[in-house]
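Below is coords-v5.csv, holding CSV, C-alpha atoms.
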```
chain,number,residue,atom,x,y,z
F,25,MET,CA,-158.9,245.5,-110.0
F,26,THR,CA,-156.5,247.2,-112.5
F,27,ARG,CA,-152.9,245.9,-112.2
F,28,LEU,CA,-150.0,248.3,-112.6
F,29,HIS,CA,-147.6,247.5,-115.5
F,30,PRO,CA,-144.1,246.8,-114.2
F,31,LEU,CA,-142.6,249.6,-116.2
F,32,SER,CA,-145.2,252.0,-115.0
F,33,GLY,CA,-144.4,251.0,-111.4
F,34,ILE,CA,-140.7,251.7,-112.0
F,35,ALA,CA,-141.4,255.1,-113.6
F,36,LEU,CA,-143.7,256.0,-110.7
F,37,GLY,CA,-141.1,255.0,-108.1
F,38,ALA,CA,-138.3,256.9,-109.8
F,39,THR,CA,-140.6,260.0,-110.0
F,40,LEU,CA,-141.4,259.8,-106.3
F,41,MET,CA,-137.8,259.4,-105.4
F,42,TYR,CA,-136.8,262.3,-107.5
F,43,LEU,CA,-139.5,264.6,-106.1
F,44,PHE,CA,-139.3,263.6,-102.5
F,45,ASP,CA,-135.5,263.3,-102.2
F,46,PRO,CA,-134.5,264.4,-98.6
F,47,LYS,CA,-131.9,266.9,-99.9
F,48,GLN,CA,-133.2,268.2,-103.2
F,49,GLY,CA,-136.9,267.2,-103.1
F,50,GLY,CA,-138.2,270.5,-101.8
F,51,ARG,CA,-136.3,272.6,-104.4
F,52,ARG,CA,-137.4,270.3,-107.2
F,53,ARG,CA,-141.1,270.5,-106.2
F,54,ALA,CA,-140.9,274.2,-105.9
F,55,LEU,CA,-139.3,274.4,-109.4
F,56,LEU,CA,-142.0,272.1,-110.8
F,57,ARG,CA,-144.7,274.4,-109.4
F,58,ASP,CA,-143.0,277.5,-110.9
F,59,GLN,CA,-142.7,275.7,-114.2
F,60,PHE,CA,-146.4,274.7,-114.2
F,61,SER,CA,-147.5,278.3,-113.3
F,62,SER,CA,-145.3,279.6,-116.1
F,63,ALA,CA,-146.6,277.1,-118.6
F,64,VAL,CA,-150.2,278.0,-117.7
F,65,SER,CA,-149.5,281.7,-118.2
F,66,LYS,CA,-147.7,281.0,-121.6
F,67,ILE,CA,-150.7,278.9,-122.7
F,68,ASP,CA,-153.1,281.7,-121.9
F,69,ASP,CA,-151.0,284.2,-123.9
F,70,ALA,CA,-150.7,281.8,-126.8
F,71,LEU,CA,-154.4,281.1,-126.9
F,72,GLU,CA,-155.2,284.8,-126.9
F,73,MET,CA,-152.7,285.5,-129.7
F,74,THR,CA,-154.1,282.6,-131.7
F,75,ALA,CA,-157.7,283.7,-131.3
F,76,ARG,CA,-156.7,287.2,-132.4
F,77,ASP,CA,-154.8,285.9,-135.4
F,78,LEU,CA,-157.7,283.6,-136.5
F,79,GLY,CA,-160.1,286.5,-136.1
F,80,ASN,CA,-158.0,288.8,-138.3
F,81,ARG,CA,-157.6,286.1,-140.9
F,82,THR,CA,-161.3,285.4,-141.0
F,83,GLN,CA,-162.1,289.1,-141.4
F,84,GLY,CA,-159.6,289.4,-144.2
F,85,LEU,CA,-161.1,286.3,-146.0
F,86,ILE,CA,-164.6,287.7,-145.7
F,87,ALA,CA,-163.4,291.1,-147.1
F,88,GLU,CA,-161.7,289.4,-150.0
F,89,THR,CA,-164.7,287.2,-150.8
F,90,LYS,CA,-167.0,290.3,-150.8
F,91,ALA,CA,-164.6,292.1,-153.1
F,92,MET,CA,-164.6,289.1,-155.6
F,93,LEU,CA,-168.4,288.9,-155.7
F,94,LEU,CA,-169.0,292.6,-156.0
F,95,GLU,CA,-168.0,294.8,-158.9
F,96,ASP,CA,-164.7,296.5,-158.0
F,97,SER,CA,-164.6,300.2,-158.9
F,98,THR,CA,-161.2,300.9,-157.4
F,99,ALA,CA,-159.8,304.4,-157.5
F,100,ASP,CA,-156.7,304.8,-159.7
F,101,GLU,CA,-154.4,305.8,-156.8
F,102,VAL,CA,-155.6,302.8,-154.7
F,103,LEU,CA,-154.9,300.5,-157.7
F,104,VAL,CA,-151.4,301.9,-158.1
F,105,ASP,CA,-150.7,301.1,-154.4
F,106,ARG,CA,-152.0,297.5,-154.9
F,107,VAL,CA,-149.8,297.0,-157.9
F,108,ARG,CA,-146.7,298.4,-156.2
F,109,ALA,CA,-147.3,296.1,-153.2
F,110,ALA,CA,-147.5,293.1,-155.5
F,111,LEU,CA,-144.4,294.1,-157.4
F,112,GLY,CA,-142.4,294.3,-154.1
F,113,ARG,CA,-142.7,290.6,-153.8
F,114,VAL,CA,-141.5,289.6,-157.3
F,115,VAL,CA,-139.0,292.2,-158.5
F,116,SER,CA,-135.6,293.2,-157.1
F,117,HIS,CA,-135.8,296.9,-158.0
F,118,PRO,CA,-139.5,298.0,-157.5
F,119,GLY,CA,-138.5,301.6,-157.1
F,120,ALA,CA,-137.1,301.7,-160.7
F,121,LEU,CA,-140.6,301.1,-162.2
F,122,ASP,CA,-143.1,303.8,-163.0
F,123,ILE,CA,-146.8,302.8,-162.5
F,124,LYS,CA,-149.8,304.6,-163.9
F,125,ALA,CA,-153.5,303.7,-163.7
F,126,GLU,CA,-156.5,304.8,-165.7
F,127,GLN,CA,-159.9,303.2,-165.2
F,128,GLY,CA,-158.4,299.8,-164.3
F,129,ARG,CA,-155.7,299.9,-167.0
F,130,ILE,CA,-152.1,299.8,-165.7
F,131,ALA,CA,-149.2,301.2,-167.7
F,132,LEU,CA,-145.7,300.0,-166.7
F,133,SER,CA,-142.5,301.7,-167.7
F,134,GLY,CA,-138.9,301.8,-166.5
F,135,PRO,CA,-135.9,299.4,-166.6
F,136,ILE,CA,-136.2,295.8,-165.6
F,137,LEU,CA,-134.1,292.6,-165.7
F,138,GLU,CA,-135.1,290.1,-168.4
F,139,ARG,CA,-135.4,287.2,-165.9
F,140,GLU,CA,-138.1,289.2,-163.9
F,141,HIS,CA,-140.1,290.5,-166.9
F,142,GLU,CA,-142.8,287.8,-167.2
F,143,ASP,CA,-143.1,287.5,-163.4
F,144,VAL,CA,-143.9,291.2,-163.2
F,145,LEU,CA,-146.6,291.1,-165.8
F,146,HIS,CA,-148.2,288.0,-164.2
F,147,ALA,CA,-148.2,289.7,-160.8
F,148,VAL,CA,-149.8,292.9,-162.1
F,149,ARG,CA,-152.5,291.0,-164.0
F,150,SER,CA,-153.3,289.1,-160.8
F,151,VAL,CA,-154.0,292.3,-158.8
F,152,ARG,CA,-157.7,292.7,-158.0
F,153,GLY,CA,-159.2,295.5,-160.0
F,154,VAL,CA,-156.7,295.4,-162.9
F,155,ILE,CA,-158.4,295.1,-166.3
F,156,ASP,CA,-155.5,295.4,-168.6
F,157,VAL,CA,-151.7,295.9,-168.5
F,158,MET,CA,-149.8,298.0,-171.0
F,159,ASP,CA,-146.1,296.9,-171.2
F,160,HIS,CA,-143.7,299.8,-171.8
F,161,LEU,CA,-140.9,298.3,-169.8
F,162,ASP,CA,-137.2,298.6,-170.8
F,163,VAL,CA,-135.9,295.1,-170.6
F,164,HIS,CA,-132.2,294.4,-169.9
F,165,LYS,CA,-130.4,291.1,-169.9
F,166,THR,CA,-128.0,292.2,-167.1
F,167,ALA,CA,-127.8,295.2,-164.7
F,168,GLN,CA,-124.5,296.3,-166.2
F,169,GLY,CA,-124.5,300.0,-167.1
F,170,VAL,CA,-128.0,300.6,-165.7
F,171,SER,CA,-127.8,302.6,-162.5
F,172,ALA,CA,-131.4,301.9,-161.4
F,173,LEU,CA,-130.8,298.2,-161.5
F,174,GLN,CA,-127.7,298.1,-159.3
F,175,GLY,CA,-127.8,296.2,-156.0
F,176,GLY,CA,-131.2,295.1,-154.8
F,177,ARG,CA,-132.5,291.7,-153.9
F,178,ARG,CA,-135.3,289.7,-155.4
F,179,ARG,CA,-137.9,288.8,-152.8
F,180,VAL,CA,-139.3,285.3,-153.1
F,181,GLU,CA,-142.7,284.8,-151.5
F,182,ARG,CA,-142.8,281.3,-149.8
F,183,PRO,CA,-145.8,279.5,-148.6
F,184,GLU,CA,-146.2,279.8,-144.8
F,185,LEU,CA,-145.6,276.2,-144.2
F,186,LEU,CA,-142.1,276.6,-145.7
F,187,GLN,CA,-141.2,279.7,-143.7
F,188,THR,CA,-139.1,279.6,-140.6
F,189,ASN,CA,-141.5,281.4,-138.3
F,190,TRP,CA,-145.2,280.5,-138.4
F,191,SER,CA,-148.1,282.7,-137.4
F,192,PRO,CA,-150.0,281.8,-134.2
F,193,ALA,CA,-152.9,280.4,-136.3
F,194,MET,CA,-150.6,278.1,-138.3
F,195,ARG,CA,-148.9,276.9,-135.1
F,196,PHE,CA,-152.2,276.1,-133.5
F,197,LEU,CA,-153.6,274.3,-136.6
F,198,MET,CA,-150.4,272.2,-137.1
F,199,ALA,CA,-150.1,271.4,-133.4
F,200,THR,CA,-153.7,270.3,-133.2
F,201,ALA,CA,-153.4,268.2,-136.4
F,202,GLY,CA,-150.2,266.7,-135.2
F,203,GLY,CA,-151.6,265.9,-131.8
F,204,SER,CA,-154.6,264.2,-133.4
F,205,LEU,CA,-152.3,262.0,-135.5
F,206,VAL,CA,-150.4,260.9,-132.4
F,207,VAL,CA,-153.6,260.1,-130.6
F,208,SER,CA,-154.9,258.2,-133.6
F,209,ALA,CA,-151.6,256.3,-133.9
F,210,CYS,CA,-151.7,255.2,-130.3
F,211,GLN,CA,-155.2,253.9,-130.7
F,212,ARG,CA,-154.7,252.0,-134.0
F,213,ARG,CA,-151.3,250.4,-133.4
F,214,ASP,CA,-150.8,249.2,-136.9
F,215,LEU,CA,-148.3,249.9,-139.8
F,216,ILE,CA,-150.0,253.1,-140.8
F,217,SER,CA,-150.0,254.4,-137.3
F,218,ALA,CA,-146.3,253.5,-137.0
F,219,LEU,CA,-145.7,255.8,-140.0
F,220,LEU,CA,-148.1,258.6,-139.1
F,221,GLY,CA,-147.2,258.7,-135.4
F,222,PRO,CA,-143.7,260.2,-135.8
F,223,VAL,CA,-145.1,262.6,-138.4
F,224,GLY,CA,-147.8,263.8,-136.0
F,225,ALA,CA,-145.2,264.2,-133.2
F,226,ALA,CA,-143.0,266.3,-135.4
F,227,MET,CA,-146.0,268.5,-136.5
F,228,PHE,CA,-147.0,268.9,-132.8
F,229,LEU,CA,-143.5,269.9,-131.7
F,230,ARG,CA,-143.0,272.2,-134.7
F,231,GLY,CA,-146.2,274.1,-133.9
F,232,LEU,CA,-145.5,274.1,-130.2
F,233,THR,CA,-142.0,275.5,-130.3
F,234,ASN,CA,-142.0,277.5,-133.7
F,235,LEU,CA,-138.6,276.0,-134.4
F,236,ASP,CA,-137.9,274.4,-137.8
F,237,LEU,CA,-137.4,270.7,-137.7
F,238,LYS,CA,-133.6,270.8,-138.1
F,239,ARG,CA,-133.2,273.0,-135.1
F,240,LEU,CA,-135.9,271.1,-133.2
F,241,PHE,CA,-134.0,267.9,-133.5
F,242,GLY,CA,-130.5,269.4,-133.3
F,243,ILE,CA,-129.3,268.6,-136.9
F,244,ALA,CA,-129.1,272.1,-138.3
F,245,ALA,CA,-125.5,272.9,-139.3
F,246,GLY,CA,-124.5,276.3,-137.9
F,247,HIS,CA,-127.7,276.8,-135.9
F,248,ARG,CA,-128.4,275.8,-132.3
F,249,ALA,CA,-131.7,275.0,-130.7
F,250,ILE,CA,-131.5,277.3,-127.7
F,251,ASP,CA,-130.4,280.9,-127.6
F,252,ILE,CA,-129.7,283.0,-124.5
F,253,ALA,CA,-128.9,286.7,-124.1
F,254,LYS,CA,-128.3,288.5,-120.8
F,255,THR,CA,-126.8,291.8,-119.6
F,256,LEU,CA,-125.3,292.0,-116.1
F,257,THR,CA,-123.6,294.9,-114.2
F,258,VAL,CA,-120.9,293.8,-111.7
F,259,ALA,CA,-119.6,296.1,-109.0
F,260,ALA,CA,-115.9,295.2,-109.7
F,261,PRO,CA,-113.1,296.7,-111.8
F,262,LEU,CA,-113.1,295.6,-115.5
F,263,ASP,CA,-109.6,294.1,-115.5
F,264,GLN,CA,-110.4,292.0,-112.4
F,265,VAL,CA,-113.7,290.7,-114.0
F,266,PHE,CA,-112.0,290.0,-117.3
F,267,LYS,CA,-109.1,288.1,-115.6
F,268,THR,CA,-111.5,286.0,-113.5
F,269,LEU,CA,-113.8,285.0,-116.4
F,270,THR,CA,-111.1,284.2,-118.8
F,271,ASP,CA,-109.7,281.7,-116.3
F,272,TYR,CA,-112.2,278.9,-117.0
F,273,GLU,CA,-111.0,276.9,-114.0
F,274,ASN,CA,-112.8,279.5,-111.8
F,275,PHE,CA,-116.2,278.5,-113.2
F,276,PRO,CA,-116.9,275.6,-110.7
F,277,ARG,CA,-116.6,278.2,-108.0
F,278,PHE,CA,-119.8,280.0,-109.0
F,279,MET,CA,-121.7,277.6,-111.3
F,280,ALA,CA,-123.8,274.9,-109.8
F,281,ARG,CA,-123.3,272.2,-112.4
F,282,VAL,CA,-119.8,272.8,-113.8
F,283,ARG,CA,-117.8,270.2,-111.8
F,284,GLU,CA,-114.4,270.7,-113.4
F,285,VAL,CA,-112.6,272.7,-116.1
F,286,LYS,CA,-109.0,271.9,-117.2
F,287,ARG,CA,-107.0,274.0,-119.6
F,288,HIS,CA,-104.4,272.6,-122.1
F,289,ASP,CA,-102.8,274.0,-125.2
F,290,GLY,CA,-105.3,276.7,-125.8
F,291,MET,CA,-108.2,274.3,-125.3
F,292,SER,CA,-110.4,273.6,-122.3
F,293,HIS,CA,-112.0,270.3,-121.1
F,294,TRP,CA,-115.3,270.7,-119.3
F,295,LYS,CA,-117.1,268.2,-117.0
F,296,VAL,CA,-120.7,269.2,-116.2
F,297,ALA,CA,-123.5,267.5,-114.2
F,298,GLY,CA,-126.2,266.5,-116.7
F,299,PRO,CA,-129.7,265.1,-116.3
F,300,ALA,CA,-130.2,262.9,-113.3
F,301,GLY,CA,-126.7,263.7,-112.1
F,302,ALA,CA,-124.9,262.0,-115.0
F,303,SER,CA,-121.6,263.7,-116.1
F,304,VAL,CA,-121.4,265.3,-119.5
F,305,GLU,CA,-118.0,266.2,-120.9
F,306,TRP,CA,-116.8,268.2,-123.9
F,307,ASP,CA,-113.8,270.1,-125.3
F,308,ALA,CA,-113.9,273.8,-126.3
F,309,GLU,CA,-111.7,276.3,-127.9
F,310,THR,CA,-111.4,280.1,-127.5
F,311,THR,CA,-112.2,281.7,-130.8
F,312,LYS,CA,-111.7,285.4,-129.9
F,313,LEU,CA,-109.8,287.1,-127.1
F,314,VAL,CA,-109.3,290.8,-126.8
F,315,PRO,CA,-108.1,291.9,-123.4
F,316,ASN,CA,-110.7,293.8,-121.3
F,317,GLU,CA,-113.1,293.8,-124.3
F,318,VAL,CA,-114.4,290.4,-125.5
F,319,ILE,CA,-114.0,286.7,-125.2
F,320,ALA,CA,-115.7,284.1,-127.4
F,321,TRP,CA,-115.6,280.3,-127.4
F,322,LYS,CA,-117.2,277.2,-129.0
F,323,THR,CA,-117.1,273.5,-128.6
F,324,LEU,CA,-115.0,271.3,-130.9
F,325,PRO,CA,-116.7,269.4,-133.7
F,326,GLY,CA,-118.1,266.1,-132.5
F,327,SER,CA,-118.9,267.2,-128.9
F,328,LEU,CA,-121.9,265.8,-127.3
F,329,VAL,CA,-123.2,269.3,-126.5
F,330,ASP,CA,-122.8,271.8,-129.3
F,331,HIS,CA,-122.2,275.1,-127.5
F,332,ALA,CA,-120.9,278.6,-128.3
F,333,GLY,CA,-120.8,281.9,-126.5
F,334,ILE,CA,-119.5,285.4,-126.4
F,335,ILE,CA,-119.0,287.9,-123.5
F,336,ARG,CA,-118.4,291.6,-124.2
F,337,PHE,CA,-116.9,293.7,-121.4
F,338,GLU,CA,-117.7,297.4,-120.9
F,339,PRO,CA,-116.5,299.7,-118.1
F,340,VAL,CA,-119.4,301.7,-116.4
F,341,SER,CA,-119.6,304.0,-113.4
F,342,GLN,CA,-120.9,301.1,-111.2
F,343,GLY,CA,-118.1,298.8,-112.3
F,344,THR,CA,-118.3,296.5,-115.3
F,345,ARG,CA,-121.2,295.7,-117.7
F,346,LEU,CA,-121.3,292.2,-119.2
F,347,ASN,CA,-123.2,291.5,-122.4
F,348,ILE,CA,-123.5,287.7,-122.6
F,349,LYS,CA,-124.8,285.7,-125.6
F,350,MET,CA,-124.9,281.9,-125.5
F,351,SER,CA,-126.4,279.2,-127.6
F,352,TYR,CA,-126.4,275.4,-127.3
F,353,ASN,CA,-127.7,272.3,-128.9
F,354,PRO,CA,-128.2,269.5,-126.4
F,355,PRO,CA,-128.4,265.9,-127.8
F,356,GLY,CA,-131.7,265.8,-129.6
F,357,GLY,CA,-131.9,269.6,-130.1
F,358,ALA,CA,-134.9,271.4,-128.6
F,359,VAL,CA,-136.5,268.0,-127.9
F,360,GLY,CA,-133.5,267.0,-125.8
F,361,HIS,CA,-133.7,270.3,-124.0
F,362,VAL,CA,-137.3,269.6,-122.9
F,363,VAL,CA,-136.3,266.1,-121.8
F,364,ALA,CA,-133.4,267.5,-119.8
F,365,LYS,CA,-135.8,269.9,-118.1
F,366,LEU,CA,-137.9,266.9,-116.9
F,367,PHE,CA,-134.8,265.5,-115.1
F,368,GLY,CA,-133.9,268.8,-113.5
F,369,ALA,CA,-131.2,270.0,-115.9
F,370,ASP,CA,-132.4,273.1,-117.6
F,371,PRO,CA,-129.4,275.2,-118.7
F,372,LYS,CA,-131.6,278.1,-119.9
F,373,SER,CA,-133.3,278.7,-116.5
F,374,GLU,CA,-130.2,277.7,-114.5
F,375,LEU,CA,-128.1,280.3,-116.2
F,376,ASN,CA,-130.0,283.0,-114.3
F,377,GLU,CA,-129.0,281.4,-111.0
F,378,ASP,CA,-125.4,281.0,-112.2
F,379,LEU,CA,-125.2,284.7,-113.2
F,380,VAL,CA,-126.3,285.6,-109.7
F,381,ARG,CA,-123.6,283.4,-108.2
F,382,MET,CA,-121.1,284.8,-110.6
F,383,LYS,CA,-122.0,288.4,-109.6
F,384,THR,CA,-121.5,287.5,-106.0
F,385,PHE,CA,-118.2,285.8,-106.6
F,386,LEU,CA,-116.8,288.7,-108.7
F,387,GLU,CA,-117.9,291.3,-106.1
F,388,THR,CA,-116.9,289.4,-103.0
F,389,GLY,CA,-114.3,286.9,-104.1
F,390,LYS,CA,-116.2,284.2,-102.1
F,391,ALA,CA,-117.7,281.1,-103.7
F,392,PRO,CA,-121.5,280.8,-103.1
F,393,ARG,CA,-122.6,277.9,-100.9
F,394,ASP,CA,-124.5,276.2,-103.7
F,395,ALA,CA,-121.6,276.4,-106.3
F,396,ALA,CA,-120.1,273.1,-107.5
F,397,ALA,CA,-116.8,273.9,-105.8
F,398,ARG,CA,-117.0,275.6,-102.4
F,399,HIS,CA,-113.4,276.5,-101.8
```

As structure tokens, the full file:
Amino acid sequence: MTRLHPLSGIALGATLMYLFDPKQGGRRRALLRDQFSSAVSKIDDALEMTARDLGNRTQGLIAETKAMLLEDSTADEVLVDRVRAALGRVVSHPGALDIKAEQGRIALSGPILEREHEDVLHAVRSVRGVIDVMDHLDVHKTAQGVSALQGGRRRVERPELLQTNWSPAMRFLMATAGGSLVVSACQRRDLISALLGPVGAAMFLRGLTNLDLKRLFGIAAGHRAIDIAKTLTVAAPLDQVFKTLTDYENFPRFMARVREVKRHDGMSHWKVAGPAGASVEWDAETTKLVPNEVIAWKTLPGSLVDHAGIIRFEPVSQGTRLNIKMSYNPPGGAVGHVVAKLFGADPKSELNEDLVRMKTFLETGKAPRDAAARH
């Protein structure tokens, strides 16, 4: 008979207590079912996109292979288009160049910066169907005095692995490879697996979330792991809505997890219910305040939760329209966000519920029953 490991028993007991709590158990189970259904739907969509992307890449590879094996008798106008597309990736002013083609021979003319000269010639020679390149370019050390070379930005083509956003196919391949490394590391349990396991986990999460590693683990300066954008129309006068929302001490009256907000010397101190009911606290400052137009804020450096937001106010016939943008970095970045969701603290999904409470509070002046403060 298989014996249950003590830690496994503790984890199982904690899970059962969490899901079958007399007060919150029903809501937590319903939320878990909704999250499971949503996850299944997202997986189906992701698999469909991945299959389509892999199919398109396969067709493209087959077409390129056939073109390499067969003699290429490309029409001159098609060859010019190919060359222009290639130049767009290596030169800062592609429109300044004149391109002519005759039986596979490309003639280039027009002004170009000296630092881009060799890259342009190399790019054109690499174009399929080009037999020879005639260089009639007017090379300049700087753009000074040359109107065609003013402004512009050189485009640097980066390998897909170094890009911020990956294609569905790349995400699938990296997540699969990372998952395989994690499974192998768990089975081997030696020094090599201790090194490859974390690498595999990072690859799996990178492919799963499509977030770069710095944002994924919450170490990207100036970037936050989770972004939220909402638009809400409230049937209440603009000045009343603005006054209520700029008084942060009102927030516990319509937000479920904001327990307390205190204002002092232009700053505010927040106490919020975190994962498993634990309190999370931070200090924030108002960074922009225009009466009846906009308010913006951000947490102070060193706060446990890196958070920022902005609300724009607009009068409409129905009352007031709010354009809300928020971003936050929980401890551990996006990984910490996933862990928090497992313990019932998901700020991204709970914001929707808080906005409904806020709308009710602004329109009626009464605190919802499930707000943190019910007075």

One residue among F:Gly231, F:Pro339, F:Gly119, F:Gly128 is nearest to Thr74 of chain F when using only C-alpha atoms, and that residue is F:Gly231

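From atom CA of Asn234 of chain F back to atom CA of Leu197 of chain F, the distance works out to 12.4 Å.
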
Counting only C-alpha atoms, write as a PDB file with C-alpha atoms, keeping the file's coordinate frame all protein and nucleic acid residues lying at most 8 Å from (-124.3, 280.5, -128.3) in the file's frame.
```pdb
ATOM      1  CA  ARG F 248    -128.400 275.800-132.300  1.00  0.00           C
ATOM      2  CA  ILE F 250    -131.500 277.300-127.700  1.00  0.00           C
ATOM      3  CA  ASP F 251    -130.400 280.900-127.600  1.00  0.00           C
ATOM      4  CA  ILE F 252    -129.700 283.000-124.500  1.00  0.00           C
ATOM      5  CA  LYS F 322    -117.200 277.200-129.000  1.00  0.00           C
ATOM      6  CA  HIS F 331    -122.200 275.100-127.500  1.00  0.00           C
ATOM      7  CA  ALA F 332    -120.900 278.600-128.300  1.00  0.00           C
ATOM      8  CA  GLY F 333    -120.800 281.900-126.500  1.00  0.00           C
ATOM      9  CA  ILE F 334    -119.500 285.400-126.400  1.00  0.00           C
ATOM     10  CA  LYS F 349    -124.800 285.700-125.600  1.00  0.00           C
ATOM     11  CA  MET F 350    -124.900 281.900-125.500  1.00  0.00           C
ATOM     12  CA  SER F 351    -126.400 279.200-127.600  1.00  0.00           C
ATOM     13  CA  TYR F 352    -126.400 275.400-127.300  1.00  0.00           C
TER      14      TYR F 352
END
```

Atomic distance atom CA of Phe337 of chain F - atom CA of Val258 of chain F, expressed in Å with one decimal: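 Computed distance, atom CA of Phe337 of chain F to atom CA of Val258 of chain F, equals 10.5 Å.
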
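Among F:Val148, F:Leu324, F:Leu173, F:Leu313, the residue with the shortest atom-to-atom distance to Met291 of chain F, counting all atoms listed in the file, is F:Leu324.
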